[in-house]
$ cat input_22.cif   # mmCIF, C-alpha atoms, pLDDT in the B column; chains and numbers go by the auth columns
data_entry
loop_
_atom_site.group_PDB
_atom_site.id
_atom_site.type_symbol
_atom_site.label_atom_id
_atom_site.label_comp_id
_atom_site.label_asym_id
_atom_site.label_seq_id
_atom_site.Cartn_x
_atom_site.Cartn_y
_atom_site.Cartn_z
_atom_site.B_iso_or_equiv
_atom_site.auth_seq_id
_atom_site.auth_asym_id
ATOM 1 C CA MET A 1 -2.808 4.523 -25.425 59.00 1 A
ATOM 2 C CA ALA A 2 -0.554 3.225 -22.675 63.00 2 A
ATOM 3 C CA LYS A 3 -2.281 1.156 -20.032 71.00 3 A
ATOM 4 C CA LYS A 4 -2.516 2.915 -16.692 81.00 4 A
ATOM 5 C CA LYS A 5 -0.605 1.500 -13.758 91.00 5 A
ATOM 6 C CA THR A 6 -2.530 0.360 -10.711 94.00 6 A
ATOM 7 C CA LEU A 7 -1.377 1.483 -7.279 97.00 7 A
ATOM 8 C CA ARG A 8 -2.836 -0.393 -4.309 98.00 8 A
ATOM 9 C CA LEU A 9 -2.907 1.420 -0.979 98.00 9 A
ATOM 10 C CA PHE A 10 -3.918 -0.398 2.207 99.00 10 A
ATOM 11 C CA SER A 11 -4.634 0.601 5.781 99.00 11 A
ATOM 12 C CA TRP A 12 -4.982 -1.832 8.675 99.00 12 A
ATOM 13 C CA ASN A 13 -5.237 -1.504 12.431 98.00 13 A
ATOM 14 C CA VAL A 14 -3.481 -4.744 13.378 98.00 14 A
ATOM 15 C CA ASN A 15 -4.294 -4.548 17.113 98.00 15 A
ATOM 16 C CA GLY A 16 -0.736 -5.491 18.002 98.00 16 A
ATOM 17 C CA LEU A 17 1.780 -6.331 15.272 98.00 17 A
ATOM 18 C CA ARG A 18 3.346 -9.133 17.286 97.00 18 A
ATOM 19 C CA ALA A 19 -0.047 -10.779 17.803 97.00 19 A
ATOM 20 C CA CYS A 20 -1.074 -10.216 14.197 98.00 20 A
ATOM 21 C CA GLY A 21 2.253 -11.687 13.108 97.00 21 A
ATOM 22 C CA ARG A 22 1.350 -14.899 14.919 97.00 22 A
ATOM 23 C CA LYS A 23 -2.007 -14.888 13.134 97.00 23 A
ATOM 24 C CA GLY A 24 -0.676 -14.802 9.586 97.00 24 A
ATOM 25 C CA PHE A 25 0.256 -11.162 8.910 98.00 25 A
ATOM 26 C CA LEU A 26 3.191 -12.063 6.671 98.00 26 A
ATOM 27 C CA ASP A 27 1.185 -14.619 4.709 98.00 27 A
ATOM 28 C CA TRP A 28 -1.428 -11.952 4.103 98.00 28 A
ATOM 29 C CA LEU A 29 1.185 -9.336 3.178 98.00 29 A
ATOM 30 C CA HIS A 30 2.803 -11.523 0.528 97.00 30 A
ATOM 31 C CA ALA A 31 -0.557 -12.666 -0.842 98.00 31 A
ATOM 32 C CA ALA A 32 -2.186 -9.215 -0.948 98.00 32 A
ATOM 33 C CA LYS A 33 0.975 -7.437 -2.138 98.00 33 A
ATOM 34 C CA PRO A 34 0.022 -3.878 -1.179 98.00 34 A
ATOM 35 C CA ASP A 35 2.178 -1.241 -2.802 98.00 35 A
ATOM 36 C CA ILE A 36 1.798 0.978 0.266 98.00 36 A
ATOM 37 C CA LEU A 37 0.461 -0.217 3.614 99.00 37 A
ATOM 38 C CA GLY A 38 -0.234 1.968 6.624 98.00 38 A
ATOM 39 C CA LEU A 39 -0.535 0.130 9.938 98.00 39 A
ATOM 40 C CA GLN A 40 -2.063 1.367 13.157 98.00 40 A
ATOM 41 C CA GLU A 41 -1.921 0.131 16.743 98.00 41 A
ATOM 42 C CA THR A 42 1.317 -1.775 16.199 98.00 42 A
ATOM 43 C CA ARG A 43 2.019 -1.734 19.959 98.00 43 A
ATOM 44 C CA ALA A 44 5.650 -2.839 19.619 97.00 44 A
ATOM 45 C CA LEU A 45 9.171 -1.487 19.662 96.00 45 A
ATOM 46 C CA PRO A 46 11.339 -2.578 16.705 95.00 46 A
ATOM 47 C CA GLU A 47 13.528 -4.703 18.963 95.00 47 A
ATOM 48 C CA GLN A 48 10.439 -6.666 20.041 96.00 48 A
ATOM 49 C CA LEU A 49 9.663 -7.800 16.492 96.00 49 A
ATOM 50 C CA ASP A 50 10.975 -10.764 14.535 95.00 50 A
ATOM 51 C CA GLU A 51 13.363 -10.020 11.696 96.00 51 A
ATOM 52 C CA ASN A 52 10.894 -11.280 9.093 96.00 52 A
ATOM 53 C CA ILE A 53 8.335 -8.736 10.316 97.00 53 A
ATOM 54 C CA LEU A 54 10.902 -5.940 10.334 97.00 54 A
ATOM 55 C CA ASN A 55 12.366 -6.754 6.897 96.00 55 A
ATOM 56 C CA PRO A 56 9.920 -8.736 4.760 98.00 56 A
ATOM 57 C CA ASP A 57 11.024 -9.457 1.198 97.00 57 A
ATOM 58 C CA GLY A 58 10.238 -6.611 -1.155 97.00 58 A
ATOM 59 C CA TYR A 59 9.304 -4.019 1.474 98.00 59 A
ATOM 60 C CA GLN A 60 10.851 -1.051 3.192 98.00 60 A
ATOM 61 C CA VAL A 61 9.519 -0.691 6.722 98.00 61 A
ATOM 62 C CA GLN A 62 9.241 2.358 8.941 98.00 62 A
ATOM 63 C CA LEU A 63 7.853 2.141 12.468 98.00 63 A
ATOM 64 C CA HIS A 64 6.850 4.955 14.783 98.00 64 A
ATOM 65 C CA PRO A 65 6.240 3.392 18.199 98.00 65 A
ATOM 66 C CA ALA A 66 4.866 5.150 21.224 97.00 66 A
ATOM 67 C CA GLU A 67 7.219 5.957 24.079 95.00 67 A
ATOM 68 C CA LYS A 68 4.930 3.898 26.311 95.00 68 A
ATOM 69 C CA LYS A 69 5.562 0.189 25.737 93.00 69 A
ATOM 70 C CA GLY A 70 2.754 -1.917 24.327 95.00 70 A
ATOM 71 C CA TYR A 71 0.691 1.116 23.350 97.00 71 A
ATOM 72 C CA SER A 72 -0.432 2.791 20.140 98.00 72 A
ATOM 73 C CA GLY A 73 2.181 2.964 17.339 98.00 73 A
ATOM 74 C CA VAL A 74 1.958 3.183 13.552 98.00 74 A
ATOM 75 C CA GLY A 75 3.917 1.643 10.710 98.00 75 A
ATOM 76 C CA LEU A 76 4.573 1.933 6.981 98.00 76 A
ATOM 77 C CA TYR A 77 5.297 -1.001 4.669 98.00 77 A
ATOM 78 C CA THR A 78 6.102 0.149 1.149 98.00 78 A
ATOM 79 C CA ARG A 79 7.280 -1.416 -2.080 98.00 79 A
ATOM 80 C CA ILE A 80 7.771 2.060 -3.573 97.00 80 A
ATOM 81 C CA GLU A 81 10.576 4.160 -2.181 97.00 81 A
ATOM 82 C CA PRO A 82 9.146 7.423 -0.846 98.00 82 A
ATOM 83 C CA GLY A 83 11.012 10.675 -1.254 98.00 83 A
ATOM 84 C CA SER A 84 10.877 11.174 2.492 98.00 84 A
ATOM 85 C CA VAL A 85 9.220 9.734 5.582 98.00 85 A
ATOM 86 C CA VAL A 86 8.347 11.790 8.658 98.00 86 A
ATOM 87 C CA LEU A 87 7.589 10.012 11.925 98.00 87 A
ATOM 88 C CA GLY A 88 5.112 12.167 13.783 97.00 88 A
ATOM 89 C CA GLY A 89 5.512 15.570 12.201 95.00 89 A
ATOM 90 C CA LEU A 90 3.067 17.472 14.413 95.00 90 A
ATOM 91 C CA ASP A 91 4.217 20.394 16.521 90.00 91 A
ATOM 92 C CA ASP A 92 3.011 19.074 19.876 93.00 92 A
ATOM 93 C CA PRO A 93 5.339 16.515 21.559 94.00 93 A
ATOM 94 C CA ALA A 94 2.279 15.094 23.329 93.00 94 A
ATOM 95 C CA PHE A 95 1.079 13.801 19.945 95.00 95 A
ATOM 96 C CA ASN A 96 4.410 12.558 18.616 95.00 96 A
ATOM 97 C CA SER A 97 5.257 10.701 21.839 97.00 97 A
ATOM 98 C CA GLU A 98 2.248 8.416 21.334 97.00 98 A
ATOM 99 C CA GLY A 99 3.344 7.186 17.891 98.00 99 A
ATOM 100 C CA ARG A 100 0.194 8.150 16.016 98.00 100 A
ATOM 101 C CA LEU A 101 1.246 9.466 12.607 98.00 101 A
ATOM 102 C CA ILE A 102 3.576 8.747 9.698 98.00 102 A
ATOM 103 C CA ILE A 103 3.717 10.997 6.634 98.00 103 A
ATOM 104 C CA ALA A 104 5.371 9.626 3.484 98.00 104 A
ATOM 105 C CA ASP A 105 6.039 11.698 0.361 98.00 105 A
ATOM 106 C CA TYR A 106 5.351 9.851 -2.898 98.00 106 A
ATOM 107 C CA GLY A 107 5.764 12.837 -5.181 97.00 107 A
ATOM 108 C CA ASP A 108 2.270 13.183 -6.587 96.00 108 A
ATOM 109 C CA PHE A 109 0.723 12.755 -3.126 98.00 109 A
ATOM 110 C CA LEU A 110 1.496 12.743 0.587 98.00 110 A
ATOM 111 C CA PHE A 111 0.396 9.586 2.413 98.00 111 A
ATOM 112 C CA TYR A 112 -0.748 10.093 6.009 98.00 112 A
ATOM 113 C CA THR A 113 -1.316 6.966 8.074 98.00 113 A
ATOM 114 C CA GLY A 114 -2.787 7.819 11.455 98.00 114 A
ATOM 115 C CA TYR A 115 -4.003 6.104 14.584 98.00 115 A
ATOM 116 C CA PHE A 116 -6.418 8.646 15.998 98.00 116 A
ATOM 117 C CA PRO A 117 -6.958 8.472 19.765 98.00 117 A
ATOM 118 C CA ASN A 118 -9.829 6.740 21.492 98.00 118 A
ATOM 119 C CA GLY A 119 -11.792 9.126 23.697 98.00 119 A
ATOM 120 C CA GLY A 120 -11.871 6.660 26.606 97.00 120 A
ATOM 121 C CA ASN A 121 -14.742 4.999 28.394 96.00 121 A
ATOM 122 C CA ASP A 122 -14.954 7.995 30.732 98.00 122 A
ATOM 123 C CA LEU A 123 -14.527 10.400 27.777 98.00 123 A
ATOM 124 C CA SER A 124 -11.490 11.952 29.448 98.00 124 A
ATOM 125 C CA ARG A 125 -9.400 11.642 26.284 98.00 125 A
ATOM 126 C CA VAL A 126 -11.935 13.252 23.955 98.00 126 A
ATOM 127 C CA PRO A 127 -10.244 16.702 24.124 98.00 127 A
ATOM 128 C CA TYR A 128 -6.870 15.112 23.303 98.00 128 A
ATOM 129 C CA LYS A 129 -8.489 13.202 20.431 98.00 129 A
ATOM 130 C CA LEU A 130 -10.032 16.351 18.976 98.00 130 A
ATOM 131 C CA ASP A 131 -6.797 18.314 19.381 98.00 131 A
ATOM 132 C CA PHE A 132 -4.825 15.585 17.609 98.00 132 A
ATOM 133 C CA SER A 133 -7.396 15.375 14.818 98.00 133 A
ATOM 134 C CA GLU A 134 -7.303 19.125 14.265 98.00 134 A
ATOM 135 C CA ALA A 135 -3.494 19.111 14.247 98.00 135 A
ATOM 136 C CA VAL A 136 -3.519 16.502 11.470 98.00 136 A
ATOM 137 C CA LEU A 137 -6.001 18.563 9.464 98.00 137 A
ATOM 138 C CA GLN A 138 -4.000 21.764 9.869 98.00 138 A
ATOM 139 C CA HIS A 139 -0.780 19.990 8.865 98.00 139 A
ATOM 140 C CA ALA A 140 -2.458 18.615 5.745 98.00 140 A
ATOM 141 C CA GLU A 141 -3.974 21.994 4.921 98.00 141 A
ATOM 142 C CA ALA A 142 -0.540 23.636 5.130 98.00 142 A
ATOM 143 C CA GLN A 143 0.720 21.086 2.609 98.00 143 A
ATOM 144 C CA ARG A 144 -2.254 21.698 0.325 98.00 144 A
ATOM 145 C CA ARG A 145 -1.481 25.413 0.311 98.00 145 A
ATOM 146 C CA GLN A 146 1.901 24.449 -1.115 98.00 146 A
ATOM 147 C CA GLY A 147 0.161 22.555 -3.920 98.00 147 A
ATOM 148 C CA ARG A 148 0.335 19.057 -2.484 98.00 148 A
ATOM 149 C CA SER A 149 -2.269 16.316 -2.904 98.00 149 A
ATOM 150 C CA ILE A 150 -3.196 14.374 0.217 98.00 150 A
ATOM 151 C CA VAL A 151 -4.238 10.835 1.159 98.00 151 A
ATOM 152 C CA ILE A 152 -5.270 10.462 4.807 98.00 152 A
ATOM 153 C CA CYS A 153 -5.944 6.916 5.962 98.00 153 A
ATOM 154 C CA GLY A 154 -6.121 4.987 9.174 98.00 154 A
ATOM 155 C CA ASP A 155 -8.171 4.268 12.235 98.00 155 A
ATOM 156 C CA ILE A 156 -9.938 7.554 12.904 98.00 156 A
ATOM 157 C CA ASN A 157 -11.860 5.943 15.770 98.00 157 A
ATOM 158 C CA THR A 158 -15.145 7.674 14.868 98.00 158 A
ATOM 159 C CA ALA A 159 -18.198 6.528 12.943 98.00 159 A
ATOM 160 C CA HIS A 160 -19.458 9.528 11.000 98.00 160 A
ATOM 161 C CA HIS A 161 -23.166 8.840 10.457 98.00 161 A
ATOM 162 C CA GLU A 162 -25.764 6.418 11.786 98.00 162 A
ATOM 163 C CA ILE A 163 -25.253 4.288 8.695 98.00 163 A
ATOM 164 C CA ASP A 164 -21.658 3.726 9.812 98.00 164 A
ATOM 165 C CA LEU A 165 -22.396 1.592 12.865 98.00 165 A
ATOM 166 C CA ALA A 166 -24.819 -1.171 13.687 98.00 166 A
ATOM 167 C CA ASN A 167 -26.246 0.340 16.900 97.00 167 A
ATOM 168 C CA PRO A 168 -26.269 4.124 16.577 98.00 168 A
ATOM 169 C CA GLN A 169 -28.990 4.788 19.143 97.00 169 A
ATOM 170 C CA SER A 170 -27.272 2.992 22.006 97.00 170 A
ATOM 171 C CA ASN A 171 -23.930 4.673 21.268 98.00 171 A
ATOM 172 C CA GLN A 172 -24.993 8.321 21.222 96.00 172 A
ATOM 173 C CA LYS A 173 -23.061 9.052 24.433 98.00 173 A
ATOM 174 C CA ASN A 174 -20.072 6.774 23.787 98.00 174 A
ATOM 175 C CA THR A 175 -16.734 7.798 22.347 98.00 175 A
ATOM 176 C CA GLY A 176 -16.545 7.066 18.677 98.00 176 A
ATOM 177 C CA PHE A 177 -20.021 8.466 18.038 98.00 177 A
ATOM 178 C CA LEU A 178 -20.155 11.650 20.091 98.00 178 A
ATOM 179 C CA PRO A 179 -21.499 14.748 18.322 98.00 179 A
ATOM 180 C CA GLU A 180 -18.193 16.590 18.682 98.00 180 A
ATOM 181 C CA GLU A 181 -16.218 13.642 17.254 98.00 181 A
ATOM 182 C CA ARG A 182 -18.586 13.312 14.316 98.00 182 A
ATOM 183 C CA ALA A 183 -18.465 17.078 13.785 98.00 183 A
ATOM 184 C CA TRP A 184 -14.717 16.883 13.196 98.00 184 A
ATOM 185 C CA LEU A 185 -15.272 14.392 10.352 98.00 185 A
ATOM 186 C CA SER A 186 -17.811 16.802 8.898 98.00 186 A
ATOM 187 C CA ARG A 187 -15.195 19.531 9.234 98.00 187 A
ATOM 188 C CA LEU A 188 -12.690 17.371 7.336 98.00 188 A
ATOM 189 C CA ILE A 189 -15.217 16.970 4.523 98.00 189 A
ATOM 190 C CA ASP A 190 -16.043 20.678 4.599 98.00 190 A
ATOM 191 C CA HIS A 191 -12.370 21.300 3.843 98.00 191 A
ATOM 192 C CA GLY A 192 -12.791 19.238 0.675 98.00 192 A
ATOM 193 C CA TYR A 193 -11.508 15.832 1.755 98.00 193 A
ATOM 194 C CA VAL A 194 -13.540 13.002 0.238 98.00 194 A
ATOM 195 C CA ASP A 195 -14.582 9.873 2.135 98.00 195 A
ATOM 196 C CA ILE A 196 -13.836 7.510 -0.734 98.00 196 A
ATOM 197 C CA PHE A 197 -15.741 4.509 0.578 98.00 197 A
ATOM 198 C CA ARG A 198 -18.906 6.480 1.160 98.00 198 A
ATOM 199 C CA GLN A 199 -18.588 8.184 -2.211 97.00 199 A
ATOM 200 C CA HIS A 200 -18.490 4.767 -3.877 97.00 200 A
ATOM 201 C CA ASN A 201 -21.141 3.225 -1.613 97.00 201 A
ATOM 202 C CA PRO A 202 -23.691 5.953 -0.879 96.00 202 A
ATOM 203 C CA GLY A 203 -26.563 4.921 1.344 93.00 203 A
ATOM 204 C CA GLU A 204 -25.357 1.347 1.844 94.00 204 A
ATOM 205 C CA ALA A 205 -25.498 0.116 5.438 95.00 205 A
ATOM 206 C CA GLY A 206 -23.715 -2.862 6.965 97.00 206 A
ATOM 207 C CA HIS A 207 -20.196 -1.960 5.808 98.00 207 A
ATOM 208 C CA TYR A 208 -17.923 -2.001 8.857 98.00 208 A
ATOM 209 C CA THR A 209 -14.203 -2.165 9.610 98.00 209 A
ATOM 210 C CA TRP A 210 -14.133 -2.918 13.352 98.00 210 A
ATOM 211 C CA TRP A 211 -16.060 -5.380 15.501 98.00 211 A
ATOM 212 C CA SER A 212 -15.937 -5.948 19.241 96.00 212 A
ATOM 213 C CA ASN A 213 -14.461 -9.259 20.346 92.00 213 A
ATOM 214 C CA ARG A 214 -17.495 -9.785 22.559 89.00 214 A
ATOM 215 C CA GLN A 215 -20.513 -11.974 21.888 85.00 215 A
ATOM 216 C CA GLY A 216 -19.670 -12.931 18.344 93.00 216 A
ATOM 217 C CA ALA A 217 -20.091 -9.374 17.076 97.00 217 A
ATOM 218 C CA ARG A 218 -18.040 -9.986 13.938 97.00 218 A
ATOM 219 C CA ALA A 219 -19.932 -13.122 12.964 96.00 219 A
ATOM 220 C CA ARG A 220 -23.185 -11.178 13.369 97.00 220 A
ATOM 221 C CA ASN A 221 -21.687 -8.102 11.644 98.00 221 A
ATOM 222 C CA VAL A 222 -22.412 -5.838 14.587 98.00 222 A
ATOM 223 C CA GLY A 223 -19.668 -3.366 13.840 98.00 223 A
ATOM 224 C CA TRP A 224 -18.460 0.162 13.203 98.00 224 A
ATOM 225 C CA ARG A 225 -16.904 1.840 10.156 98.00 225 A
ATOM 226 C CA ILE A 226 -14.058 3.762 11.779 98.00 226 A
ATOM 227 C CA ASP A 227 -11.210 3.122 9.304 99.00 227 A
ATOM 228 C CA TYR A 228 -11.087 5.430 6.304 98.00 228 A
ATOM 229 C CA PHE A 229 -9.409 6.680 3.184 98.00 229 A
ATOM 230 C CA TYR A 230 -9.865 10.416 2.664 98.00 230 A
ATOM 231 C CA ASN A 231 -8.446 12.019 -0.499 98.00 231 A
ATOM 232 C CA THR A 232 -8.182 15.579 -1.697 98.00 232 A
ATOM 233 C CA PRO A 233 -10.552 16.197 -4.616 98.00 233 A
ATOM 234 C CA ASP A 234 -7.780 16.257 -7.236 97.00 234 A
ATOM 235 C CA LEU A 235 -7.049 12.571 -6.532 97.00 235 A
ATOM 236 C CA VAL A 236 -10.633 11.335 -6.620 97.00 236 A
ATOM 237 C CA TYR A 237 -10.665 10.812 -10.377 96.00 237 A
ATOM 238 C CA THR A 238 -7.762 8.358 -10.045 96.00 238 A
ATOM 239 C CA VAL A 239 -9.659 6.010 -7.708 97.00 239 A
ATOM 240 C CA ALA A 240 -10.517 2.731 -9.421 97.00 240 A
ATOM 241 C CA ALA A 241 -11.955 0.878 -6.404 98.00 241 A
ATOM 242 C CA ILE A 242 -12.170 0.806 -2.637 98.00 242 A
ATOM 243 C CA ARG A 243 -12.677 -2.357 -0.618 98.00 243 A
ATOM 244 C CA HIS A 244 -13.141 -3.579 2.935 98.00 244 A
ATOM 245 C CA HIS A 245 -11.456 -6.971 3.299 98.00 245 A
ATOM 246 C CA HIS A 246 -13.752 -8.178 6.076 97.00 246 A
ATOM 247 C CA ASP A 247 -12.768 -11.800 5.464 97.00 247 A
ATOM 248 C CA VAL A 248 -9.163 -11.100 6.580 98.00 248 A
ATOM 249 C CA LEU A 249 -8.737 -12.020 10.233 96.00 249 A
ATOM 250 C CA GLY A 250 -5.801 -11.439 12.575 97.00 250 A
ATOM 251 C CA SER A 251 -7.200 -8.295 14.184 98.00 251 A
ATOM 252 C CA ASP A 252 -10.503 -6.878 15.390 98.00 252 A
ATOM 253 C CA HIS A 253 -10.244 -4.505 12.417 98.00 253 A
ATOM 254 C CA CYS A 254 -10.129 -5.534 8.767 98.00 254 A
ATOM 255 C CA PRO A 255 -7.772 -4.139 6.124 98.00 255 A
ATOM 256 C CA ILE A 256 -9.172 -1.519 3.789 98.00 256 A
ATOM 257 C CA GLU A 257 -7.842 -0.984 0.263 98.00 257 A
ATOM 258 C CA LEU A 258 -7.820 1.969 -2.117 98.00 258 A
ATOM 259 C CA GLU A 259 -6.904 1.163 -5.706 98.00 259 A
ATOM 260 C CA ARG A 260 -5.657 4.060 -7.829 97.00 260 A
ATOM 261 C CA GLU A 261 -4.853 4.358 -11.502 94.00 261 A
ATOM 262 C CA VAL A 262 -1.743 6.430 -12.062 90.00 262 A
#

$ encode --input "input_22.cif" --output "structure tokens"
Amino acid sequence: MAKKKTLRLFSWNVNGLRACGRKGFLDWLHAAKPDILGLQETRALPEQLDENILNPDGYQVQLHPAEKKGYSGVGLYTRIEPGSVVLGGLDDPAFNSEGRLIIADYGDFLFYTGYFPNGGNDLSRVPYKLDFSEAVLQHAEAQRRQGRSIVICGDINTAHHEIDLANPQSNQKNTGFLPEERAWLSRLIDHGYVDIFRQHNPGEAGHYTWWSNRQGARARNVGWRIDYFYNTPDLVYTVAAIRHHHDVLGSDHCPIELEREV
């Protein structure tokens, strides 16, 4: 029997690609060797980036920056040539102008890397966040109706259950843990999408992907799990492992990895 090939998918909110580049992003990239890497919160126009960040050896790079400078933005680094890459792809220009989504077609699956909005300290952006989230779901569902398999990854900016953040009680009224934000993640699951990390680590607390820069939160592991890989059920059997690389610095988020056998 032929040995199955391993495909390593990564997602990482880099909290500014220029800043992360100064903190060892390229060293990490060439050491980790992701086959497909979705980036969020790149916060840079292509012309603001060094050539070695734009064209690292062995990778094709696609960037979808926000129209507003220094804000939002997503990116795709891939060693496998996709059939197509769509920057944005949602019907509403208000979503596409913020550089929040890239969709890449790899034949046996569509890869969505998304930077879902933050609801804001005053919660004023929560409706926008929920509208964007629903638009992503409806886009993916339209693709599923055409027989496509889906991988959705990125910074969803919401902890789903109390187990997914260190201080659930004190965050009940804060964006990222509001009932309506959490309800959308439940809705995603109700549509059949599988939270791969939680499937592989049921009931285990203390697994986070983002930590505040304040008061040594990361050293004390006072964090939130807000970065995810969701797969359609037909892809779940191909998952060999999922990992949070909490030891990788360079951002207030850590990279997450989904390993598939194909």

$ residues_around --input "input_22.cif" --residues "Gly21 in chain A" --least-positions-apart "3" --cutoff "10 Å" --atoms "only C-alpha atoms" --output "PyMOL selection string"
chain A and resi 14+16-18+24-28+49-50+52-53+250

$ residues_around --input "input_22.cif" --residues "range 223-238 of chain A" --least-positions-apart "4" --cutoff "6 Å" --atoms "all atoms listed in the file" --output "ChimeraX atom specification"
/A:150-159,164-166,193-196,208-211,260-261

$ residues_around --input "input_22.cif" --residues "His244 in chain A" --least-positions-apart "4" --cutoff "8 Å" --atoms "all atoms listed in the file" --output "list of chain:residue names"
A:His207, A:Tyr208, A:Thr209, A:Cys254, A:Pro255, A:Ile256, A:Glu257

$ closest_residue --input "input_22.cif" --among "A:Phe109, A:Leu185, A:Asn167, A:Asp122" --to "Gln143 in chain A" --atoms "only C-alpha atoms"
A:Phe109

$ resolve_selection --input "input_22.cif" --expression "the PyMOL selection byres ((chain A and resi 59) around 9)" --output "short mmCIF file (atom, residue, chain, number, x, y, z; two decimals) with C-alpha atoms, keeping the file's coordinate frame"
data_model
loop_
_atom_site.label_atom_id
_atom_site.label_comp_id
_atom_site.auth_asym_id
_atom_site.auth_seq_id
_atom_site.Cartn_x
_atom_site.Cartn_y
_atom_site.Cartn_z
CA ASP A 35 2.18 -1.24 -2.80
CA ASN A 55 12.37 -6.75 6.90
CA PRO A 56 9.92 -8.74 4.76
CA ASP A 57 11.02 -9.46 1.20
CA GLY A 58 10.24 -6.61 -1.16
CA GLN A 60 10.85 -1.05 3.19
CA VAL A 61 9.52 -0.69 6.72
CA TYR A 77 5.30 -1.00 4.67
CA THR A 78 6.10 0.15 1.15
CA ARG A 79 7.28 -1.42 -2.08
CA ILE A 80 7.77 2.06 -3.57
#

$ residues_around --input "input_22.cif" --residues "Lys69 in chain A" --least-positions-apart "5" --cutoff "10 Å" --atoms "all atoms listed in the file" --output "CSV table (one decimal) with C-alpha atoms, in the coordinates of the input"
chain,number,residue,atom,x,y,z
A,43,ARG,CA,2.0,-1.7,20.0
A,44,ALA,CA,5.6,-2.8,19.6
A,45,LEU,CA,9.2,-1.5,19.7
A,98,GLU,CA,2.2,8.4,21.3

$ closest_residue --input "input_22.cif" --among "A:Gln169, A:Ser97, A:Asn201, A:Ser11" --to "Tyr112 in chain A" --atoms "all atoms listed in the file"
A:Ser11

$ residues_around --input "input_22.cif" --residues "Gly99 in chain A" --least-positions-apart "4" --cutoff "8 Å" --atoms "all atoms listed in the file" --output "JSON, numbers by chain"
{"A": [64, 65, 66, 67, 72, 73, 74, 87, 88, 95]}

$ residues_near_point --input "input_22.cif" --point "(-14.5, -1.7, -5.5)" --cutoff "9 Å" --atoms "all atoms listed in the file" --output "ChimeraX atom specification"
/A:197,200,240-244,257-259

$ residues_near_point --input "input_22.cif" --point "(-15.3, -11.8, 5.3)" --cutoff "10 Å" --atoms "all atoms listed in the file" --output "VMD selection string"
chain A and resid 218 to 219 221 244 to 249 254
